[in-house]
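**Student:** This is the content of protein_22.cif (mmCIF, C-alpha atoms):
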data_data
loop_
_atom_site.label_atom_id
_atom_site.label_comp_id
_atom_site.auth_asym_id
_atom_site.auth_seq_id
_atom_site.Cartn_x
_atom_site.Cartn_y
_atom_site.Cartn_z
CA MET A 127 12.03 -24.85 -114.12
CA ASN A 128 9.65 -27.65 -113.08
CA ILE A 129 11.07 -27.77 -109.54
CA GLU A 130 10.56 -24.02 -109.07
CA THR A 131 6.98 -24.30 -110.31
CA TYR A 132 6.27 -27.22 -107.99
CA ARG A 133 7.69 -25.24 -105.05
CA LYS A 134 5.47 -22.29 -105.98
CA CYS A 135 2.46 -24.55 -105.32
CA PHE A 136 3.43 -24.62 -101.63
CA ASP A 137 3.82 -20.83 -101.58
CA ILE A 138 0.35 -20.43 -103.05
CA CYS A 139 -1.11 -22.81 -100.46
CA ASP A 140 0.54 -20.80 -97.69
CA GLU A 141 -0.83 -17.55 -99.17
CA VAL A 142 -4.36 -18.99 -99.36
CA LYS A 143 -4.17 -20.24 -95.75
CA ALA A 144 -2.95 -16.83 -94.56
CA ALA A 145 -5.66 -15.00 -96.50
CA ARG A 146 -8.39 -17.29 -95.18
CA LEU A 147 -7.11 -17.33 -91.58
CA GLY A 148 -9.92 -18.46 -89.34
CA LYS A 149 -12.19 -19.18 -92.30
CA GLU A 150 -12.93 -22.31 -94.22
CA ILE A 151 -10.64 -22.74 -97.22
CA ARG A 152 -12.59 -23.39 -100.39
CA MET A 153 -11.41 -25.03 -103.59
CA ARG A 154 -12.09 -21.82 -105.53
CA ASP A 155 -9.66 -19.92 -103.29
CA TYR A 156 -6.83 -21.56 -105.24
CA PRO A 157 -5.94 -20.89 -108.85
CA ALA A 158 -6.84 -23.84 -111.07
CA ALA A 159 -3.33 -24.10 -112.51
CA ILE A 160 0.11 -22.52 -112.52
CA VAL A 161 2.93 -22.78 -115.02
CA SER A 162 6.36 -21.24 -115.47
CA CYS A 163 7.55 -19.81 -118.75
CA ALA A 164 10.90 -18.57 -120.06
CA ASP A 165 12.37 -17.83 -123.44
CA SER A 166 13.38 -20.99 -125.29
CA TRP A 167 17.04 -20.16 -124.75
CA GLN A 168 16.36 -21.32 -121.19
CA ASN A 169 17.02 -17.91 -119.68
CA TYR A 170 15.62 -18.94 -116.31
CA THR A 171 16.63 -15.70 -114.64
CA ASP A 172 13.68 -14.21 -116.51
CA CYS A 173 11.42 -17.19 -115.78
CA VAL A 174 7.95 -16.22 -114.58
CA THR A 175 5.24 -18.27 -112.92
CA GLU A 176 1.65 -17.30 -113.57
CA SER A 177 -1.71 -18.75 -112.67
CA SER A 178 -4.83 -19.27 -114.68
CA GLY A 179 -7.50 -16.62 -114.40
CA LYS A 180 -10.02 -14.55 -116.26
CA ALA A 181 -9.09 -13.77 -119.85
CA ASN A 182 -8.95 -10.06 -120.56
CA ALA A 183 -8.61 -9.37 -124.28
CA LEU A 184 -7.21 -5.88 -123.60
CA SER A 185 -4.31 -7.31 -121.58
CA TYR A 186 -3.01 -9.07 -124.69
CA ARG A 187 -2.74 -5.81 -126.68
CA LYS A 188 0.82 -5.30 -125.35
CA THR A 189 1.84 -8.52 -127.10
CA PRO A 190 0.30 -8.32 -130.57
CA VAL A 191 1.98 -11.53 -131.76
CA LEU A 192 0.47 -13.51 -128.88
CA GLU A 193 -2.86 -11.73 -129.31
CA SER A 194 -3.08 -12.56 -133.01
CA THR A 195 -2.06 -16.16 -132.34
CA LEU A 196 -4.77 -16.55 -129.70
CA LEU A 197 -7.30 -14.99 -132.07
CA THR A 198 -6.67 -17.80 -134.56
CA LEU A 199 -8.55 -20.00 -132.07
CA GLY A 200 -11.47 -17.58 -131.71
CA ASP A 201 -12.34 -14.59 -129.54
CA ILE A 202 -10.21 -14.14 -126.43
CA GLY A 203 -12.31 -14.91 -123.36
CA LYS A 204 -14.68 -17.23 -125.25
CA GLN A 205 -14.79 -21.02 -125.43
CA ARG A 206 -14.17 -22.84 -128.66
CA THR A 207 -15.40 -26.22 -129.74
CA GLY A 208 -13.14 -28.99 -128.49
CA CYS A 209 -11.76 -27.28 -125.38
CA LYS A 210 -13.46 -26.54 -122.07
CA ASN A 211 -11.08 -23.68 -121.25
CA TYR A 212 -11.62 -20.10 -122.31
CA ILE A 213 -9.17 -18.75 -124.89
CA GLY A 214 -6.48 -16.75 -123.10
CA ALA A 215 -7.54 -17.76 -119.57
CA CYS A 216 -4.99 -20.51 -118.98
CA ALA A 217 -1.78 -19.98 -117.04
CA GLU A 218 0.27 -20.55 -120.21
CA PRO A 219 -0.85 -17.45 -122.16
CA HIS A 220 -0.68 -15.36 -118.98
CA ALA A 221 2.93 -16.43 -118.43
CA ALA A 222 3.73 -16.08 -122.14
CA ARG A 223 2.42 -12.52 -122.14
CA THR A 224 4.71 -11.59 -119.23
CA VAL A 225 7.80 -13.21 -120.76
CA MET A 226 7.13 -11.73 -124.19
CA THR A 227 6.75 -8.27 -122.67
CA ASN A 228 9.75 -8.44 -120.31
CA CYS A 229 12.19 -10.30 -122.58
CA ASN A 230 11.25 -8.90 -125.99
CA VAL A 231 10.32 -12.33 -127.31
CA ASN A 232 8.51 -11.94 -130.63
CA ASN A 233 7.42 -15.48 -131.43
CA VAL A 234 5.33 -17.88 -129.36
CA LYS A 235 7.52 -20.74 -130.62
CA ASP A 236 10.45 -19.11 -128.75
CA LEU A 237 8.90 -19.89 -125.35
CA ALA A 238 9.58 -22.82 -123.02
CA PHE A 239 7.14 -23.99 -120.36
CA SER A 240 7.32 -26.06 -117.20
CA TYR A 241 4.75 -28.67 -116.40
CA ALA A 242 1.41 -27.20 -115.41
CA TYR A 243 0.45 -27.90 -111.80
CA ARG A 244 -2.73 -27.68 -109.77
CA PRO A 245 -1.49 -25.80 -106.67
CA ARG A 246 -4.12 -27.24 -104.33
CA THR A 247 -3.10 -30.86 -105.01
CA LYS A 248 0.40 -30.40 -106.51
CA MET A 249 -0.63 -32.68 -109.40
CA VAL A 250 0.71 -32.26 -112.92
CA LEU A 251 -2.01 -31.25 -115.35
CA ARG A 252 -2.27 -31.95 -119.05
CA TYR A 253 -2.13 -28.92 -121.28
CA CYS A 254 -5.50 -28.11 -122.82
CA LYS A 255 -6.18 -28.13 -126.56
CA ASN A 256 -5.96 -24.32 -126.73
CA CYS A 257 -2.45 -24.38 -125.28
CA THR A 258 -1.20 -27.34 -127.29
CA ASP A 259 -2.47 -25.69 -130.48
CA ILE A 260 -0.70 -22.39 -129.70
CA PHE A 261 2.49 -23.34 -127.87
CA ASP A 262 5.10 -26.07 -128.35
CA VAL A 263 4.08 -27.97 -125.23
CA PHE A 264 3.60 -31.70 -124.76
#
Would you mind writing the file out in C-alpha coordinates?

**Tutor:**
Amino acid sequence: MNIETYRKCFDICDEVKAARLGKEIRMRDYPAAIVSCADSWQNYTDCVTESSGKANALSYRKTPVLESTLLTLGDIGKQRTGCKNYIGACAEPHAARTVMTNCNVNNVKDLAFSYAYRPRTKMVLRYCKNCTDIFDVF
(Lines of atoms letter the chains of each structure in order from A and count residues from 1; the text may use other names and numbers.)
(Lines give C-alpha, C1' and ligand atoms only; values in the text may rest on other atoms or scores of the structure.)
Protein backbone atom coordinates (compact mmCIF):
# COMPACT_ATOMS: atom_id res chain seq x y z
CA MET A 1 0.00 0.00 0.00
CA ASN A 2 2.93 2.36 0.69
CA ILE A 3 4.32 1.93 -2.83
CA GLU A 4 0.97 2.82 -4.41
CA THR A 5 0.69 5.91 -2.22
CA TYR A 6 4.22 7.00 -3.10
CA ARG A 7 3.44 6.57 -6.81
CA LYS A 8 0.30 8.66 -6.38
CA CYS A 9 2.57 11.57 -5.37
CA PHE A 10 3.96 11.61 -8.92
CA ASP A 11 0.44 11.53 -10.38
CA ILE A 12 -0.54 14.50 -8.24
CA CYS A 13 2.55 16.42 -9.34
CA ASP A 14 1.69 15.72 -12.98
CA GLU A 15 -1.91 16.88 -12.40
CA VAL A 16 -0.72 20.11 -10.76
CA LYS A 17 1.72 20.80 -13.62
CA ALA A 18 -1.02 20.20 -16.20
CA ALA A 19 -3.48 22.41 -14.34
CA ARG A 20 -0.95 25.23 -13.98
CA LEU A 21 0.39 24.95 -17.55
CA GLY A 22 2.16 28.17 -18.41
CA LYS A 23 1.73 29.51 -14.88
CA GLU A 24 3.97 29.48 -11.87
CA ILE A 25 3.38 26.45 -9.66
CA ARG A 26 2.82 27.43 -6.05
CA MET A 27 3.25 25.32 -2.93
CA ARG A 28 -0.45 25.69 -2.12
CA ASP A 29 -1.38 24.09 -5.46
CA TYR A 30 -0.45 20.73 -3.92
CA PRO A 31 -2.33 18.96 -1.15
CA ALA A 32 -0.37 19.03 2.11
CA ALA A 33 -0.55 15.25 2.52
CA ILE A 34 -1.93 12.06 1.04
CA VAL A 35 -2.49 8.66 2.59
CA SER A 36 -4.00 5.35 1.53
CA CYS A 37 -6.47 3.44 3.65
CA ALA A 38 -7.99 -0.04 3.48
CA ASP A 39 -9.84 -2.29 5.85
CA SER A 40 -7.51 -4.00 8.32
CA TRP A 41 -8.00 -7.31 6.54
CA GLN A 42 -5.67 -5.79 3.93
CA ASN A 43 -8.32 -5.77 1.22
CA TYR A 44 -6.20 -3.61 -1.07
CA THR A 45 -8.62 -3.90 -3.96
CA ASP A 46 -10.75 -1.44 -1.99
CA CYS A 47 -7.77 0.71 -0.99
CA VAL A 48 -8.34 4.42 -1.44
CA THR A 49 -5.91 7.32 -1.48
CA GLU A 50 -7.15 10.68 -0.24
CA SER A 51 -5.56 14.04 0.37
CA SER A 52 -5.87 16.46 3.21
CA GLY A 53 -8.32 19.29 2.78
CA LYS A 54 -10.97 21.37 4.43
CA ALA A 55 -12.95 19.58 7.12
CA ASN A 56 -16.66 19.53 6.44
CA ALA A 57 -18.61 18.26 9.45
CA LEU A 58 -21.59 17.35 7.24
CA SER A 59 -19.47 15.00 5.13
CA TYR A 60 -18.88 12.79 8.17
CA ARG A 61 -22.63 12.24 8.75
CA LYS A 62 -22.55 9.21 6.41
CA THR A 63 -20.12 7.53 8.80
CA PRO A 64 -21.57 8.09 12.28
CA VAL A 65 -18.94 5.93 13.99
CA LEU A 66 -16.12 8.01 12.50
CA GLU A 67 -18.02 11.22 13.19
CA SER A 68 -18.56 10.38 16.86
CA THR A 69 -14.92 9.31 17.22
CA LEU A 70 -13.70 12.60 15.73
CA LEU A 71 -16.06 14.52 18.01
CA THR A 72 -14.29 13.04 21.04
CA LEU A 73 -11.41 15.35 20.09
CA GLY A 74 -13.62 18.43 19.74
CA ASP A 75 -15.68 20.06 17.00
CA ILE A 76 -14.94 18.87 13.46
CA GLY A 77 -13.20 21.65 11.55
CA LYS A 78 -11.76 23.26 14.70
CA GLN A 79 -8.28 23.04 16.20
CA ARG A 80 -7.70 21.45 19.55
CA THR A 81 -4.94 22.10 22.03
CA GLY A 82 -1.85 20.06 21.25
CA CYS A 83 -2.33 19.69 17.48
CA LYS A 84 -1.90 22.25 14.72
CA ASN A 85 -4.22 20.39 12.35
CA TYR A 86 -7.96 20.89 12.21
CA ILE A 87 -10.06 17.95 13.38
CA GLY A 88 -11.23 15.98 10.35
CA ALA A 89 -9.07 17.87 7.83
CA CYS A 90 -6.23 15.38 7.54
CA ALA A 91 -5.95 12.85 4.73
CA GLU A 92 -6.48 9.99 7.21
CA PRO A 93 -10.09 10.78 8.20
CA HIS A 94 -10.92 11.61 4.57
CA ALA A 95 -9.64 8.21 3.46
CA ALA A 96 -11.24 6.48 6.45
CA ARG A 97 -14.61 8.00 5.58
CA THR A 98 -14.40 6.64 2.02
CA VAL A 99 -13.34 3.14 3.09
CA MET A 100 -15.95 2.98 5.85
CA THR A 101 -18.66 4.00 3.39
CA ASN A 102 -17.59 1.73 0.52
CA CYS A 103 -16.58 -1.35 2.52
CA ASN A 104 -19.12 -1.25 5.35
CA VAL A 105 -16.40 -0.96 7.98
CA ASN A 106 -17.99 -0.08 11.32
CA ASN A 107 -14.98 0.50 13.56
CA VAL A 108 -12.06 2.89 13.11
CA LYS A 109 -9.77 0.24 14.62
CA ASP A 110 -10.56 -1.96 11.58
CA LEU A 111 -8.67 0.38 9.22
CA ALA A 112 -5.10 0.13 7.96
CA PHE A 113 -3.13 3.10 6.64
CA SER A 114 -0.08 3.61 4.48
CA TYR A 115 2.58 6.11 5.37
CA ALA A 116 1.47 9.69 4.89
CA TYR A 117 3.36 11.53 2.16
CA ARG A 118 3.78 15.14 1.14
CA PRO A 119 3.15 14.91 -2.64
CA ARG A 120 5.26 17.95 -3.51
CA THR A 121 8.43 16.54 -1.94
CA LYS A 122 7.56 12.80 -1.71
CA MET A 123 8.65 12.86 1.95
CA VAL A 124 7.06 10.67 4.60
CA LEU A 125 5.18 12.70 7.18
CA ARG A 126 4.53 11.91 10.81
CA TYR A 127 0.91 11.41 11.73
CA CYS A 128 -0.48 14.30 13.75
CA LYS A 129 -1.79 13.95 17.30
CA ASN A 130 -5.41 13.97 16.08
CA CYS A 131 -4.75 10.98 13.83
CA THR A 132 -2.66 9.02 16.32
CA ASP A 133 -5.36 9.52 18.96
CA ILE A 134 -8.12 8.26 16.63
CA PHE A 135 -6.50 5.61 14.44
CA ASP A 136 -4.05 2.78 15.09
CA VAL A 137 -1.20 4.45 13.23
CA PHE A 138 2.44 4.77 14.23

**Student:** So that I can check the surroundings of Ile138 of chain A, please list as a PyMOL selection string every protein, DNA and RNA residue that reaches within 12 Å of it, counting only C-alpha atoms and ignoring chain neighbours fewer than 6 positions away.

**Tutor:** chain A and resi 131-132+144-145+155-160+175-177+243-248

**Student:** So the first atom is atom CA of Pro219 of chain A and the second is atom CA of Cys163 of chain A; what is the distance between them in Å, to one decimal place?

**Tutor:**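 Spanning atom CA of Pro219 of chain A to atom CA of Cys163 of chain A is a straight-line distance of 9.4 Å.
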
**Student:** Determine the residue membership of the PyMOL selection byres ((chain A and resi 130) around 10) for the file above and supply it as a list in words.

**Tutor:** Met127, Asn128, Ile129, Thr131, Tyr132, Arg133, Lys134, Cys135, Val161, Ser162, Cys173, Val174, Thr175 and Ser240 of chain A

**Student:** Tell me which protein, DNA and RNA residues are within 10 Å of Glu193 of chain A, counting all atoms listed in the file, leaving out same-chain ones fewer than 2 positions away, and put them as number ranges by chain.

**Tutor:** A: 183-191, 195-198, 201-202, 214, 219, 223

**Student:** Can you measure atom CA of Met153 of chain A to atom CA of Phe261 of chain A for me? One decimal in Å is fine.

**Tutor:** 28.0 Å

**Student:** Nearest to Cys216 of chain A: which of A:Thr258, A:Asn230, A:Ser166, A:Ser194 is it, counting only C-alpha atoms?

**Tutor:** A:Thr258

**Student:** Extract, using only C-alpha atoms, all DNA, RNA and protein residues at most 9 Å from Ala215 of chain A, discarding same-chain residues fewer than 2 positions from it, and format them as a VMD selection string.

**Tutor:** chain A and resid 178 to 182 202 to 203 211 to 213 217 to 220

**Student:** Can I get the selection written as a PDB file, in the coordinates of the input, with C-alpha atoms?

**Tutor:**
ATOM      1  CA  SER A 178      -4.830 -19.270-114.680  1.00  0.00           C
ATOM      2  CA  GLY A 179      -7.500 -16.620-114.400  1.00  0.00           C
ATOM      3  CA  LYS A 180     -10.020 -14.550-116.260  1.00  0.00           C
ATOM      4  CA  ALA A 181      -9.090 -13.770-119.850  1.00  0.00           C
ATOM      5  CA  ASN A 182      -8.950 -10.060-120.560  1.00  0.00           C
ATOM      6  CA  ILE A 202     -10.210 -14.140-126.430  1.00  0.00           C
ATOM      7  CA  GLY A 203     -12.310 -14.910-123.360  1.00  0.00           C
ATOM      8  CA  ASN A 211     -11.080 -23.680-121.250  1.00  0.00           C
ATOM      9  CA  TYR A 212     -11.620 -20.100-122.310  1.00  0.00           C
ATOM     10  CA  ILE A 213      -9.170 -18.750-124.890  1.00  0.00           C
ATOM     11  CA  ALA A 217      -1.780 -19.980-117.040  1.00  0.00           C
ATOM     12  CA  GLU A 218       0.270 -20.550-120.210  1.00  0.00           C
ATOM     13  CA  PRO A 219      -0.850 -17.450-122.160  1.00  0.00           C
ATOM     14  CA  HIS A 220      -0.680 -15.360-118.980  1.00  0.00           C
TER      15      HIS A 220
END

**Student:** Just give me the gap between atom CA of Ala222 of chain A and atom CA of Phe239 of chain A in Å, one decimal is fine.

**Tutor:** 8.8 Å

**Student:** Padding 3 Å on every side, please: axis-aligned box over the listed atoms of segment 139-154 of chain A, centre and edge lengths to one decimal in Å, as JSON.

**Tutor:**
{"center_x": -6.2, "center_y": -20.0, "center_z": -97.4, "size_x": 19.5, "size_y": 16.0, "size_z": 22.2}

**Student:** Which one is closest to Cys139 of chain A: A:Arg252, A:Arg152, A:Lys204, A:Lys210? Count all atoms listed in the file.

**Tutor:**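 Smallest distance to Cys139 of chain A is found for A:Arg152.
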
**Student:** Applied to the shown file, which residues does the PyMOL selection byres ((chain A and resi 262) around 9) return, written as a PyMOL selection string?

**Tutor:** chain A and resi 234-239+257-261+263-264

**Student:** Keeping just N, CA, C and O atoms, export segment 223-243 of chain A of this structure as a CSV table (one decimal), in the first residue's frame.

**Tutor:**
chain,number,residue,atom,x,y,z
A,223,ARG,N,-13.2,7.8,5.9
A,223,ARG,CA,-14.6,8.0,5.6
A,223,ARG,C,-15.0,7.2,4.3
A,223,ARG,O,-16.0,6.6,4.2
A,224,THR,N,-14.1,7.3,3.3
A,224,THR,CA,-14.4,6.6,2.0
A,224,THR,C,-14.4,5.1,2.2
A,224,THR,O,-15.3,4.4,1.7
A,225,VAL,N,-13.4,4.6,2.9
A,225,VAL,CA,-13.3,3.1,3.1
A,225,VAL,C,-14.5,2.7,3.9
A,225,VAL,O,-15.1,1.7,3.6
A,226,MET,N,-14.8,3.4,5.0
A,226,MET,CA,-15.9,3.0,5.9
A,226,MET,C,-17.3,3.0,5.1
A,226,MET,O,-18.1,2.1,5.3
A,227,THR,N,-17.4,3.9,4.2
A,227,THR,CA,-18.7,4.0,3.4
A,227,THR,C,-18.7,2.9,2.4
A,227,THR,O,-19.7,2.2,2.2
A,228,ASN,N,-17.6,2.7,1.6
A,228,ASN,CA,-17.6,1.7,0.5
A,228,ASN,C,-17.5,0.3,0.9
A,228,ASN,O,-17.9,-0.6,0.2
A,229,CYS,N,-16.9,0.0,2.1
A,229,CYS,CA,-16.6,-1.3,2.5
A,229,CYS,C,-17.4,-1.8,3.7
A,229,CYS,O,-17.1,-2.8,4.3
A,230,ASN,N,-18.3,-0.9,4.2
A,230,ASN,CA,-19.1,-1.2,5.4
A,230,ASN,C,-18.3,-1.6,6.6
A,230,ASN,O,-18.6,-2.5,7.3
A,231,VAL,N,-17.2,-0.8,6.8
A,231,VAL,CA,-16.4,-1.0,8.0
A,231,VAL,C,-17.1,-0.1,9.1
A,231,VAL,O,-17.4,1.0,8.9
A,232,ASN,N,-17.2,-0.7,10.3
A,232,ASN,CA,-18.0,-0.1,11.3
A,232,ASN,C,-17.2,0.3,12.5
A,232,ASN,O,-17.7,0.6,13.6
A,233,ASN,N,-15.8,0.2,12.4
A,233,ASN,CA,-15.0,0.5,13.6
A,233,ASN,C,-13.7,1.1,13.0
A,233,ASN,O,-13.1,0.5,12.1
A,234,VAL,N,-13.3,2.2,13.6
A,234,VAL,CA,-12.1,2.9,13.1
A,234,VAL,C,-10.8,2.0,13.4
A,234,VAL,O,-9.8,2.2,12.7
A,235,LYS,N,-10.9,1.1,14.3
A,235,LYS,CA,-9.8,0.2,14.6
A,235,LYS,C,-9.6,-0.9,13.6
A,235,LYS,O,-8.6,-1.6,13.5
A,236,ASP,N,-10.6,-1.0,12.7
A,236,ASP,CA,-10.6,-2.0,11.6
A,236,ASP,C,-10.0,-1.4,10.3
A,236,ASP,O,-10.2,-1.9,9.2
A,237,LEU,N,-9.3,-0.3,10.4
A,237,LEU,CA,-8.7,0.4,9.2
A,237,LEU,C,-7.2,0.3,9.3
A,237,LEU,O,-6.5,0.3,10.3
A,238,ALA,N,-6.6,0.2,8.1
A,238,ALA,CA,-5.1,0.1,8.0
A,238,ALA,C,-4.7,1.3,7.1
A,238,ALA,O,-5.4,1.6,6.1
A,239,PHE,N,-3.6,1.9,7.4
A,239,PHE,CA,-3.1,3.1,6.6
A,239,PHE,C,-1.7,2.9,6.1
A,239,PHE,O,-0.9,2.2,6.7
A,240,SER,N,-1.4,3.5,5.0
A,240,SER,CA,-0.1,3.6,4.5
A,240,SER,C,0.6,4.7,5.2
A,240,SER,O,0.1,5.4,6.1
A,241,TYR,N,1.9,4.9,4.9
A,241,TYR,CA,2.6,6.1,5.4
A,241,TYR,C,1.9,7.3,4.8
A,241,TYR,O,1.2,7.2,3.7
A,242,ALA,N,2.0,8.4,5.4
A,242,ALA,CA,1.5,9.7,4.9
A,242,ALA,C,2.6,10.4,4.2
A,242,ALA,O,3.8,10.3,4.6
A,243,TYR,N,2.3,10.9,3.0
A,243,TYR,CA,3.4,11.5,2.2
A,243,TYR,C,3.0,13.0,1.8
A,243,TYR,O,1.8,13.3,1.7
